[in-house]
Amino acid sequence: MHKIIKIVLVLLSAVGAVCWFMLPEAEMPAAQAAESGALNLMFLVAYLLLGIAVFFSLFYALKILFANPTGLKKALFTIGGLLLVVAISYGLASGTDVDLAEMANRGIPTTESTVKTIGMGLNVFFILTAIAVILMLLPGVKKIFTK
């Protein structure tokens with residue numbers, strides 16, 4: 001299996017190297033360069049390699065996760081906690097923070113649902129950042145008061 005993977009990776013690397021030398025010149029307009037077959041093939045190789053990497057990363061991570069029941073339980077609690085943070089963030093987001101008519105006048109079609117989703121994402125970020133800061137400071141503060 002490893003030999004086959006190595007051979008495929010060497011072939012994809014060779015295709016990428018050949019395409020690199022076939023890239024359009026720097027003076028070529030961007031619109032024409034974007035239609036270059038070599039550039040499109042390089043993107044295809046990059047997407048293929050990314051897909052392979054994501055697939056095998058997820059496969060082996062899930063394989064290890066399901067092999068250890070305590071790890072699976074811990075992962076499920078973590079995912080549940082993240083879903084709880086997302087639900088709280090969605091409840092805190094109002095969706096009326098932006099004047100939708102003004103956004104439409106500027107040529108940005110926006111709905112209240114879109115604004116609420118963006119607000120939810122910001123709230124998730126702020127809550128998770130606050131949790132991370134607290135979890136970093138907590139051991140230091142605990143160490144100060146226990147001495």
# chains A, B, ... in the order shown; residues from 1 in each chain; ligands from 1

$ residues_around --residues "A:Asp99" --least-positions-apart "6" --cutoff "12 Å" --atoms "only C-alpha atoms" --output "list of chain:residue names"
A:Asn105, A:Arg106, A:Ile108, A:Pro109, A:Thr110, A:Thr111, A:Glu112, A:Val115

$ residues_around --residues "stretch 28-44 of chain A" --least-positions-apart "6" --cutoff "12 Å" --atoms "only C-alpha atoms" --output "short mmCIF file (atom, residue, chain, number, x, y, z; two decimals) with all heavy atoms, in the first residue's frame"
data_model
loop_
_atom_site.label_atom_id
_atom_site.label_comp_id
_atom_site.auth_asym_id
_atom_site.auth_seq_id
_atom_site.Cartn_x
_atom_site.Cartn_y
_atom_site.Cartn_z
N LEU A 12 2.27 12.54 -9.26
CA LEU A 12 1.61 13.85 -9.10
C LEU A 12 2.64 14.97 -8.96
O LEU A 12 2.44 16.07 -9.47
CB LEU A 12 0.66 13.83 -7.91
CG LEU A 12 -0.62 13.02 -8.08
CD1 LEU A 12 -1.39 12.94 -6.79
CD2 LEU A 12 -1.47 13.61 -9.19
N SER A 13 3.73 14.69 -8.27
CA SER A 13 4.81 15.68 -8.16
C SER A 13 5.43 15.98 -9.52
O SER A 13 5.73 17.14 -9.83
CB SER A 13 5.89 15.18 -7.21
OG SER A 13 5.35 14.97 -5.94
N ALA A 14 5.62 14.95 -10.32
CA ALA A 14 6.18 15.14 -11.67
C ALA A 14 5.22 15.97 -12.53
O ALA A 14 5.66 16.88 -13.26
CB ALA A 14 6.46 13.80 -12.32
N VAL A 15 3.93 15.68 -12.44
CA VAL A 15 2.94 16.46 -13.20
C VAL A 15 2.97 17.91 -12.75
O VAL A 15 2.94 18.84 -13.56
CB VAL A 15 1.52 15.86 -13.03
CG1 VAL A 15 0.45 16.79 -13.57
CG2 VAL A 15 1.44 14.50 -13.72
N GLY A 16 3.05 18.13 -11.43
CA GLY A 16 3.13 19.49 -10.91
C GLY A 16 4.38 20.22 -11.37
O GLY A 16 4.33 21.40 -11.72
N ALA A 17 5.51 19.52 -11.40
CA ALA A 17 6.77 20.14 -11.84
C ALA A 17 6.70 20.50 -13.32
O ALA A 17 7.16 21.58 -13.74
CB ALA A 17 7.94 19.20 -11.57
N VAL A 18 6.14 19.61 -14.14
CA VAL A 18 6.01 19.91 -15.58
C VAL A 18 5.09 21.11 -15.77
O VAL A 18 5.38 22.00 -16.57
CB VAL A 18 5.48 18.66 -16.33
CG1 VAL A 18 5.08 19.01 -17.75
CG2 VAL A 18 6.54 17.56 -16.33
N CYS A 19 4.00 21.13 -15.04
CA CYS A 19 3.06 22.27 -15.16
C CYS A 19 3.70 23.57 -14.70
O CYS A 19 3.41 24.64 -15.23
CB CYS A 19 1.80 22.00 -14.35
SG CYS A 19 0.77 20.72 -15.04
N TRP A 20 4.59 23.49 -13.72
CA TRP A 20 5.26 24.68 -13.22
C TRP A 20 6.07 25.35 -14.35
O TRP A 20 6.07 26.56 -14.48
CB TRP A 20 6.19 24.30 -12.07
CG TRP A 20 6.99 25.46 -11.55
CD1 TRP A 20 8.26 25.78 -11.86
CD2 TRP A 20 6.55 26.46 -10.64
NE1 TRP A 20 8.67 26.90 -11.20
CE2 TRP A 20 7.62 27.34 -10.44
CE3 TRP A 20 5.36 26.69 -9.97
CZ2 TRP A 20 7.53 28.45 -9.60
CZ3 TRP A 20 5.28 27.78 -9.13
CH2 TRP A 20 6.36 28.65 -8.96
N PHE A 21 6.74 24.53 -15.15
CA PHE A 21 7.54 25.08 -16.24
C PHE A 21 6.68 25.51 -17.43
O PHE A 21 7.16 26.22 -18.30
CB PHE A 21 8.62 24.08 -16.67
CG PHE A 21 9.68 23.91 -15.64
CD1 PHE A 21 9.77 22.74 -14.90
CD2 PHE A 21 10.58 24.93 -15.38
CE1 PHE A 21 10.75 22.58 -13.94
CE2 PHE A 21 11.56 24.78 -14.41
CZ PHE A 21 11.65 23.61 -13.69
N MET A 22 5.44 25.07 -17.47
CA MET A 22 4.53 25.46 -18.56
C MET A 22 3.64 26.64 -18.19
O MET A 22 2.78 27.03 -18.96
CB MET A 22 3.66 24.26 -18.94
CG MET A 22 4.44 23.11 -19.54
SD MET A 22 3.43 21.65 -19.82
CE MET A 22 2.05 22.26 -20.72
N LEU A 50 -4.97 17.74 -1.72
CA LEU A 50 -5.67 18.21 -0.52
C LEU A 50 -6.78 17.23 -0.14
O LEU A 50 -6.95 16.89 1.04
CB LEU A 50 -6.26 19.60 -0.76
CG LEU A 50 -7.03 20.21 0.41
CD1 LEU A 50 -6.11 20.43 1.60
CD2 LEU A 50 -7.68 21.50 -0.02
N GLY A 51 -7.51 16.75 -1.12
CA GLY A 51 -8.56 15.78 -0.86
C GLY A 51 -8.01 14.49 -0.27
O GLY A 51 -8.59 13.94 0.67
#

$ atom_distance --atom1 "atom CA of A:Phe125" --atom2 "atom CA of A:Thr96"
19.3 Å

$ residues_around --residues "A:Gly121" --least-positions-apart "4" --cutoff "12 Å" --atoms "only C-alpha atoms" --output "compact mmCIF listing (two decimals) with C-alpha atoms, in the first residue's frame"
# COMPACT_ATOMS: atom_id res chain seq x y z
CA VAL A 85 -21.86 27.31 22.59
CA VAL A 86 -23.24 27.60 19.03
CA ALA A 87 -26.84 27.39 20.30
CA ILE A 88 -26.21 30.04 22.97
CA SER A 89 -24.49 32.26 20.40
CA TYR A 90 -27.40 31.91 17.99
CA GLY A 91 -29.81 32.86 20.76
CA LEU A 92 -27.73 35.93 21.64
CA ALA A 93 -27.50 37.14 18.02
CA GLY A 95 -30.09 39.95 13.41
CA THR A 114 -27.58 36.44 7.16
CA VAL A 115 -26.93 39.14 9.75
CA LYS A 116 -28.01 36.78 12.56
CA THR A 117 -25.70 34.04 11.24
CA PHE A 125 -15.55 33.36 18.46
CA PHE A 126 -15.82 35.67 21.49
CA ILE A 127 -17.14 32.95 23.82
CA LEU A 128 -14.46 30.44 22.76

$ closest_residue --among "A:Ile79, A:Ile5, A:Ser113, A:Ile64" --to "A:Ser94" --atoms "only C-alpha atoms"
A:Ser113

$ atom_distance --atom1 "atom CA of A:Ser57" --atom2 "atom CA of A:Gly81"
23.1 Å

$ closest_residue --among "A:Val124, A:Leu9, A:Thr70, A:Gly80" --to "A:Leu49" --atoms "only C-alpha atoms"
A:Leu9

$ select_by_dssp --residues "chain A" --states "helix (DSSP H, G or I)" --output "mmCIF file with C-alpha atoms, in the first residue's frame"
data_model
loop_
_atom_site.group_PDB
_atom_site.id
_atom_site.type_symbol
_atom_site.label_atom_id
_atom_site.label_comp_id
_atom_site.auth_asym_id
_atom_site.auth_seq_id
_atom_site.Cartn_x
_atom_site.Cartn_y
_atom_site.Cartn_z
ATOM 1 C CA HIS A 2 2.783 2.424 0.932
ATOM 2 C CA LYS A 3 4.618 1.730 -2.335
ATOM 3 C CA ILE A 4 1.491 2.521 -4.353
ATOM 4 C CA ILE A 5 0.971 5.762 -2.456
ATOM 5 C CA LYS A 6 4.599 6.740 -2.972
ATOM 6 C CA ILE A 7 4.360 6.033 -6.704
ATOM 7 C CA VAL A 8 1.156 8.086 -7.024
ATOM 8 C CA LEU A 9 2.712 10.972 -5.090
ATOM 9 C CA VAL A 10 5.847 10.886 -7.254
ATOM 10 C CA LEU A 11 3.688 10.935 -10.418
ATOM 11 C CA LEU A 12 1.613 13.846 -9.103
ATOM 12 C CA SER A 13 4.807 15.683 -8.162
ATOM 13 C CA ALA A 14 6.180 15.145 -11.668
ATOM 14 C CA VAL A 15 2.940 16.460 -13.201
ATOM 15 C CA GLY A 16 3.127 19.492 -10.913
ATOM 16 C CA ALA A 17 6.767 20.140 -11.841
ATOM 17 C CA VAL A 18 6.009 19.906 -15.578
ATOM 18 C CA CYS A 19 3.063 22.266 -15.160
ATOM 19 C CA TRP A 20 5.262 24.684 -13.223
ATOM 20 C CA PHE A 21 7.537 25.083 -16.237
ATOM 21 C CA ALA A 30 -4.340 37.830 -15.690
ATOM 22 C CA ALA A 31 -7.497 36.908 -17.625
ATOM 23 C CA GLN A 32 -5.494 34.950 -20.192
ATOM 24 C CA ALA A 33 -3.225 33.405 -17.552
ATOM 25 C CA ALA A 34 -6.260 32.153 -15.619
ATOM 26 C CA GLY A 37 -4.257 24.656 -19.139
ATOM 27 C CA ALA A 38 -1.096 24.235 -17.065
ATOM 28 C CA LEU A 39 -2.464 26.471 -14.329
ATOM 29 C CA ASN A 40 -5.763 24.617 -14.270
ATOM 30 C CA LEU A 41 -3.933 21.272 -14.121
ATOM 31 C CA MET A 42 -1.829 22.528 -11.211
ATOM 32 C CA PHE A 43 -4.989 23.517 -9.350
ATOM 33 C CA LEU A 44 -6.468 20.105 -10.093
ATOM 34 C CA VAL A 45 -3.364 18.379 -8.694
ATOM 35 C CA ALA A 46 -3.436 20.631 -5.619
ATOM 36 C CA TYR A 47 -7.125 19.884 -4.984
ATOM 37 C CA LEU A 48 -6.503 16.174 -5.489
ATOM 38 C CA LEU A 49 -3.628 16.168 -2.995
ATOM 39 C CA LEU A 50 -5.675 18.208 -0.524
ATOM 40 C CA GLY A 51 -8.564 15.781 -0.860
ATOM 41 C CA ILE A 52 -6.277 12.795 -0.307
ATOM 42 C CA ALA A 53 -4.716 14.428 2.760
ATOM 43 C CA VAL A 54 -8.099 15.323 4.268
ATOM 44 C CA PHE A 55 -9.492 11.849 3.602
ATOM 45 C CA PHE A 56 -6.601 9.992 5.214
ATOM 46 C CA SER A 57 -6.402 12.431 8.129
ATOM 47 C CA LEU A 58 -10.081 11.962 8.914
ATOM 48 C CA PHE A 59 -9.923 8.206 8.324
ATOM 49 C CA TYR A 60 -7.056 7.605 10.740
ATOM 50 C CA ALA A 61 -8.359 10.088 13.311
ATOM 51 C CA LEU A 62 -11.775 8.404 13.349
ATOM 52 C CA LYS A 63 -10.154 4.954 13.412
ATOM 53 C CA ILE A 64 -8.141 5.885 16.505
ATOM 54 C CA LEU A 65 -11.143 7.622 18.068
ATOM 55 C CA PHE A 66 -13.436 4.612 17.711
ATOM 56 C CA ALA A 67 -10.733 2.235 18.971
ATOM 57 C CA PRO A 69 -14.104 4.217 24.084
ATOM 58 C CA THR A 70 -12.956 6.792 26.667
ATOM 59 C CA GLY A 71 -11.580 8.985 23.899
ATOM 60 C CA LEU A 72 -14.870 8.673 22.023
ATOM 61 C CA LYS A 73 -16.821 9.689 25.125
ATOM 62 C CA LYS A 74 -14.538 12.697 25.653
ATOM 63 C CA ALA A 75 -14.882 13.707 21.987
ATOM 64 C CA LEU A 76 -18.676 13.487 22.182
ATOM 65 C CA PHE A 77 -18.709 15.706 25.274
ATOM 66 C CA THR A 78 -16.471 18.212 23.480
ATOM 67 C CA ILE A 79 -18.704 18.241 20.400
ATOM 68 C CA GLY A 80 -21.755 18.629 22.651
ATOM 69 C CA GLY A 81 -20.097 21.578 24.395
ATOM 70 C CA LEU A 82 -19.328 23.195 21.063
ATOM 71 C CA LEU A 83 -22.926 22.710 19.917
ATOM 72 C CA LEU A 84 -24.091 24.272 23.193
ATOM 73 C CA VAL A 85 -21.861 27.312 22.590
ATOM 74 C CA VAL A 86 -23.236 27.604 19.035
ATOM 75 C CA ALA A 87 -26.835 27.386 20.302
ATOM 76 C CA ILE A 88 -26.208 30.041 22.972
ATOM 77 C CA SER A 89 -24.493 32.260 20.400
ATOM 78 C CA TYR A 90 -27.399 31.906 17.988
ATOM 79 C CA GLY A 91 -29.809 32.860 20.761
ATOM 80 C CA LEU A 92 -27.729 35.931 21.639
ATOM 81 C CA LEU A 100 -30.871 46.203 5.738
ATOM 82 C CA ALA A 101 -32.165 49.044 3.532
ATOM 83 C CA GLU A 102 -28.799 50.807 3.728
ATOM 84 C CA MET A 103 -27.005 47.599 2.797
ATOM 85 C CA ALA A 104 -29.352 47.166 -0.196
ATOM 86 C CA ASN A 105 -28.638 50.776 -1.270
ATOM 87 C CA GLU A 112 -31.929 39.351 8.618
ATOM 88 C CA SER A 113 -30.996 35.666 8.652
ATOM 89 C CA THR A 114 -27.585 36.444 7.163
ATOM 90 C CA VAL A 115 -26.931 39.144 9.752
ATOM 91 C CA LYS A 116 -28.012 36.778 12.557
ATOM 92 C CA THR A 117 -25.699 34.043 11.242
ATOM 93 C CA ILE A 118 -22.756 36.451 11.120
ATOM 94 C CA GLY A 119 -23.569 37.636 14.638
ATOM 95 C CA MET A 120 -23.699 34.024 15.792
ATOM 96 C CA GLY A 121 -20.250 33.371 14.324
ATOM 97 C CA LEU A 122 -18.824 36.417 16.083
ATOM 98 C CA ASN A 123 -20.432 35.378 19.378
ATOM 99 C CA VAL A 124 -18.989 31.853 19.048
ATOM 100 C CA PHE A 125 -15.554 33.363 18.464
ATOM 101 C CA PHE A 126 -15.817 35.674 21.488
ATOM 102 C CA ILE A 127 -17.135 32.952 23.819
ATOM 103 C CA LEU A 128 -14.465 30.437 22.761
ATOM 104 C CA THR A 129 -11.761 33.112 23.087
ATOM 105 C CA ALA A 130 -12.962 33.964 26.594
ATOM 106 C CA ILE A 131 -12.980 30.270 27.542
ATOM 107 C CA ALA A 132 -9.439 29.840 26.175
ATOM 108 C CA VAL A 133 -8.129 32.871 28.086
ATOM 109 C CA ILE A 134 -9.777 31.694 31.315
ATOM 110 C CA LEU A 135 -8.344 28.197 30.898
ATOM 111 C CA MET A 136 -4.872 29.658 30.353
ATOM 112 C CA LEU A 137 -5.047 32.004 33.345
ATOM 113 C CA LEU A 138 -6.734 29.622 35.781
ATOM 114 C CA PRO A 139 -3.682 27.388 36.499
ATOM 115 C CA GLY A 140 -1.457 30.443 37.048
ATOM 116 C CA VAL A 141 -3.920 32.069 39.450
ATOM 117 C CA LYS A 142 -4.418 28.755 41.251
ATOM 118 C CA LYS A 143 -0.651 28.362 41.624
ATOM 119 C CA ILE A 144 -0.340 31.882 43.090
ATOM 120 C CA PHE A 145 -2.954 31.291 45.795
ATOM 121 C CA THR A 146 -1.830 27.778 46.747
#

$ decode --residues "stretch 86-102 of chain A" --atoms "all heavy atoms" --output "PDB file, in the first residue's frame"
ATOM      1  N   VAL A  86     -22.621  27.117  20.269  1.00  0.00           N
ATOM      2  CA  VAL A  86     -23.236  27.604  19.035  1.00  0.00           C
ATOM      3  C   VAL A  86     -24.704  27.951  19.277  1.00  0.00           C
ATOM      4  O   VAL A  86     -25.192  28.992  18.815  1.00  0.00           O
ATOM      5  CB  VAL A  86     -23.078  26.571  17.896  1.00  0.00           C
ATOM      6  CG1 VAL A  86     -23.932  26.930  16.701  1.00  0.00           C
ATOM      7  CG2 VAL A  86     -21.624  26.450  17.485  1.00  0.00           C
ATOM      8  N   ALA A  87     -25.417  27.122  20.020  1.00  0.00           N
ATOM      9  CA  ALA A  87     -26.835  27.386  20.302  1.00  0.00           C
ATOM     10  C   ALA A  87     -26.996  28.656  21.143  1.00  0.00           C
ATOM     11  O   ALA A  87     -27.874  29.495  20.858  1.00  0.00           O
ATOM     12  CB  ALA A  87     -27.463  26.194  21.016  1.00  0.00           C
ATOM     13  N   ILE A  88     -26.156  28.825  22.154  1.00  0.00           N
ATOM     14  CA  ILE A  88     -26.208  30.041  22.972  1.00  0.00           C
ATOM     15  C   ILE A  88     -25.887  31.258  22.121  1.00  0.00           C
ATOM     16  O   ILE A  88     -26.552  32.302  22.223  1.00  0.00           O
ATOM     17  CB  ILE A  88     -25.245  29.919  24.171  1.00  0.00           C
ATOM     18  CG1 ILE A  88     -25.764  28.877  25.153  1.00  0.00           C
ATOM     19  CG2 ILE A  88     -25.042  31.254  24.866  1.00  0.00           C
ATOM     20  CD1 ILE A  88     -24.773  28.507  26.242  1.00  0.00           C
ATOM     21  N   SER A  89     -24.882  31.139  21.265  1.00  0.00           N
ATOM     22  CA  SER A  89     -24.493  32.260  20.400  1.00  0.00           C
ATOM     23  C   SER A  89     -25.605  32.631  19.434  1.00  0.00           C
ATOM     24  O   SER A  89     -25.841  33.812  19.170  1.00  0.00           O
ATOM     25  CB  SER A  89     -23.231  31.913  19.619  1.00  0.00           C
ATOM     26  OG  SER A  89     -22.168  31.679  20.496  1.00  0.00           O
ATOM     27  N   TYR A  90     -26.291  31.632  18.904  1.00  0.00           N
ATOM     28  CA  TYR A  90     -27.399  31.906  17.988  1.00  0.00           C
ATOM     29  C   TYR A  90     -28.533  32.607  18.731  1.00  0.00           C
ATOM     30  O   TYR A  90     -29.169  33.515  18.205  1.00  0.00           O
ATOM     31  CB  TYR A  90     -27.902  30.613  17.342  1.00  0.00           C
ATOM     32  CG  TYR A  90     -28.884  30.851  16.221  1.00  0.00           C
ATOM     33  CD1 TYR A  90     -28.441  31.283  14.978  1.00  0.00           C
ATOM     34  CD2 TYR A  90     -30.253  30.663  16.407  1.00  0.00           C
ATOM     35  CE1 TYR A  90     -29.330  31.508  13.946  1.00  0.00           C
ATOM     36  CE2 TYR A  90     -31.149  30.876  15.385  1.00  0.00           C
ATOM     37  CZ  TYR A  90     -30.684  31.308  14.152  1.00  0.00           C
ATOM     38  OH  TYR A  90     -31.565  31.540  13.140  1.00  0.00           O
ATOM     39  N   GLY A  91     -28.776  32.213  19.961  1.00  0.00           N
ATOM     40  CA  GLY A  91     -29.809  32.860  20.761  1.00  0.00           C
ATOM     41  C   GLY A  91     -29.452  34.294  21.114  1.00  0.00           C
ATOM     42  O   GLY A  91     -30.333  35.158  21.202  1.00  0.00           O
ATOM     43  N   LEU A  92     -28.164  34.575  21.301  1.00  0.00           N
ATOM     44  CA  LEU A  92     -27.729  35.931  21.639  1.00  0.00           C
ATOM     45  C   LEU A  92     -27.702  36.861  20.423  1.00  0.00           C
ATOM     46  O   LEU A  92     -27.789  38.081  20.577  1.00  0.00           O
ATOM     47  CB  LEU A  92     -26.341  35.895  22.280  1.00  0.00           C
ATOM     48  CG  LEU A  92     -26.244  35.270  23.665  1.00  0.00           C
ATOM     49  CD1 LEU A  92     -24.781  35.192  24.110  1.00  0.00           C
ATOM     50  CD2 LEU A  92     -27.060  36.053  24.669  1.00  0.00           C
ATOM     51  N   ALA A  93     -27.564  36.316  19.234  1.00  0.00           N
ATOM     52  CA  ALA A  93     -27.504  37.139  18.020  1.00  0.00           C
ATOM     53  C   ALA A  93     -28.898  37.660  17.704  1.00  0.00           C
ATOM     54  O   ALA A  93     -29.880  36.926  17.731  1.00  0.00           O
ATOM     55  CB  ALA A  93     -26.966  36.320  16.855  1.00  0.00           C
ATOM     56  N   SER A  94     -28.975  38.967  17.393  1.00  0.00           N
ATOM     57  CA  SER A  94     -30.298  39.555  17.172  1.00  0.00           C
ATOM     58  C   SER A  94     -30.693  39.594  15.697  1.00  0.00           C
ATOM     59  O   SER A  94     -31.843  39.419  15.363  1.00  0.00           O
ATOM     60  CB  SER A  94     -30.340  40.970  17.747  1.00  0.00           C
ATOM     61  OG  SER A  94     -29.486  41.813  17.009  1.00  0.00           O
ATOM     62  N   GLY A  95     -29.771  39.868  14.829  1.00  0.00           N
ATOM     63  CA  GLY A  95     -30.093  39.947  13.407  1.00  0.00           C
ATOM     64  C   GLY A  95     -30.597  41.305  12.985  1.00  0.00           C
ATOM     65  O   GLY A  95     -30.867  41.543  11.812  1.00  0.00           O
ATOM     66  N   THR A  96     -30.753  42.212  13.941  1.00  0.00           N
ATOM     67  CA  THR A  96     -31.240  43.560  13.616  1.00  0.00           C
ATOM     68  C   THR A  96     -30.153  44.597  13.864  1.00  0.00           C
ATOM     69  O   THR A  96     -30.455  45.773  14.029  1.00  0.00           O
ATOM     70  CB  THR A  96     -32.483  43.887  14.467  1.00  0.00           C
ATOM     71  OG1 THR A  96     -32.136  43.785  15.853  1.00  0.00           O
ATOM     72  CG2 THR A  96     -33.624  42.950  14.143  1.00  0.00           C
ATOM     73  N   ASP A  97     -28.914  44.167  13.900  1.00  0.00           N
ATOM     74  CA  ASP A  97     -27.801  45.078  14.172  1.00  0.00           C
ATOM     75  C   ASP A  97     -27.471  45.986  12.991  1.00  0.00           C
ATOM     76  O   ASP A  97     -26.837  47.015  13.159  1.00  0.00           O
ATOM     77  CB  ASP A  97     -26.549  44.284  14.533  1.00  0.00           C
ATOM     78  CG  ASP A  97     -26.766  43.363  15.703  1.00  0.00           C
ATOM     79  OD1 ASP A  97     -27.691  43.637  16.489  1.00  0.00           O
ATOM     80  OD2 ASP A  97     -26.031  42.375  15.823  1.00  0.00           O
ATOM     81  N   VAL A  98     -27.905  45.602  11.810  1.00  0.00           N
ATOM     82  CA  VAL A  98     -27.540  46.305  10.580  1.00  0.00           C
ATOM     83  C   VAL A  98     -28.807  46.814   9.906  1.00  0.00           C
ATOM     84  O   VAL A  98     -29.832  46.140   9.899  1.00  0.00           O
ATOM     85  CB  VAL A  98     -26.774  45.350   9.626  1.00  0.00           C
ATOM     86  CG1 VAL A  98     -26.440  46.021   8.322  1.00  0.00           C
ATOM     87  CG2 VAL A  98     -25.527  44.829  10.293  1.00  0.00           C
ATOM     88  N   ASP A  99     -28.720  48.021   9.316  1.00  0.00           N
ATOM     89  CA  ASP A  99     -29.836  48.562   8.554  1.00  0.00           C
ATOM     90  C   ASP A  99     -29.848  47.873   7.183  1.00  0.00           C
ATOM     91  O   ASP A  99     -28.994  48.137   6.336  1.00  0.00           O
ATOM     92  CB  ASP A  99     -29.673  50.081   8.416  1.00  0.00           C
ATOM     93  CG  ASP A  99     -30.847  50.725   7.706  1.00  0.00           C
ATOM     94  OD1 ASP A  99     -31.904  50.083   7.582  1.00  0.00           O
ATOM     95  OD2 ASP A  99     -30.698  51.889   7.275  1.00  0.00           O
ATOM     96  N   LEU A 100     -30.827  46.995   6.972  1.00  0.00           N
ATOM     97  CA  LEU A 100     -30.871  46.203   5.738  1.00  0.00           C
ATOM     98  C   LEU A 100     -31.117  47.068   4.511  1.00  0.00           C
ATOM     99  O   LEU A 100     -30.604  46.784   3.431  1.00  0.00           O
ATOM    100  CB  LEU A 100     -31.942  45.120   5.858  1.00  0.00           C
ATOM    101  CG  LEU A 100     -31.732  44.106   6.982  1.00  0.00           C
ATOM    102  CD1 LEU A 100     -32.889  43.115   7.020  1.00  0.00           C
ATOM    103  CD2 LEU A 100     -30.426  43.380   6.814  1.00  0.00           C
ATOM    104  N   ALA A 101     -31.899  48.151   4.665  1.00  0.00           N
ATOM    105  CA  ALA A 101     -32.165  49.044   3.532  1.00  0.00           C
ATOM    106  C   ALA A 101     -30.884  49.740   3.090  1.00  0.00           C
ATOM    107  O   ALA A 101     -30.632  49.898   1.892  1.00  0.00           O
ATOM    108  CB  ALA A 101     -33.233  50.058   3.915  1.00  0.00           C
ATOM    109  N   GLU A 102     -30.068  50.148   4.058  1.00  0.00           N
ATOM    110  CA  GLU A 102     -28.799  50.807   3.728  1.00  0.00           C
ATOM    111  C   GLU A 102     -27.853  49.846   3.019  1.00  0.00           C
ATOM    112  O   GLU A 102     -27.165  50.221   2.078  1.00  0.00           O
ATOM    113  CB  GLU A 102     -28.141  51.347   5.005  1.00  0.00           C
ATOM    114  CG  GLU A 102     -26.827  52.047   4.780  1.00  0.00           C
ATOM    115  CD  GLU A 102     -26.949  53.323   3.954  1.00  0.00           C
ATOM    116  OE1 GLU A 102     -27.989  53.963   3.995  1.00  0.00           O
ATOM    117  OE2 GLU A 102     -25.960  53.654   3.254  1.00  0.00           O
TER     118      GLU A 102
END
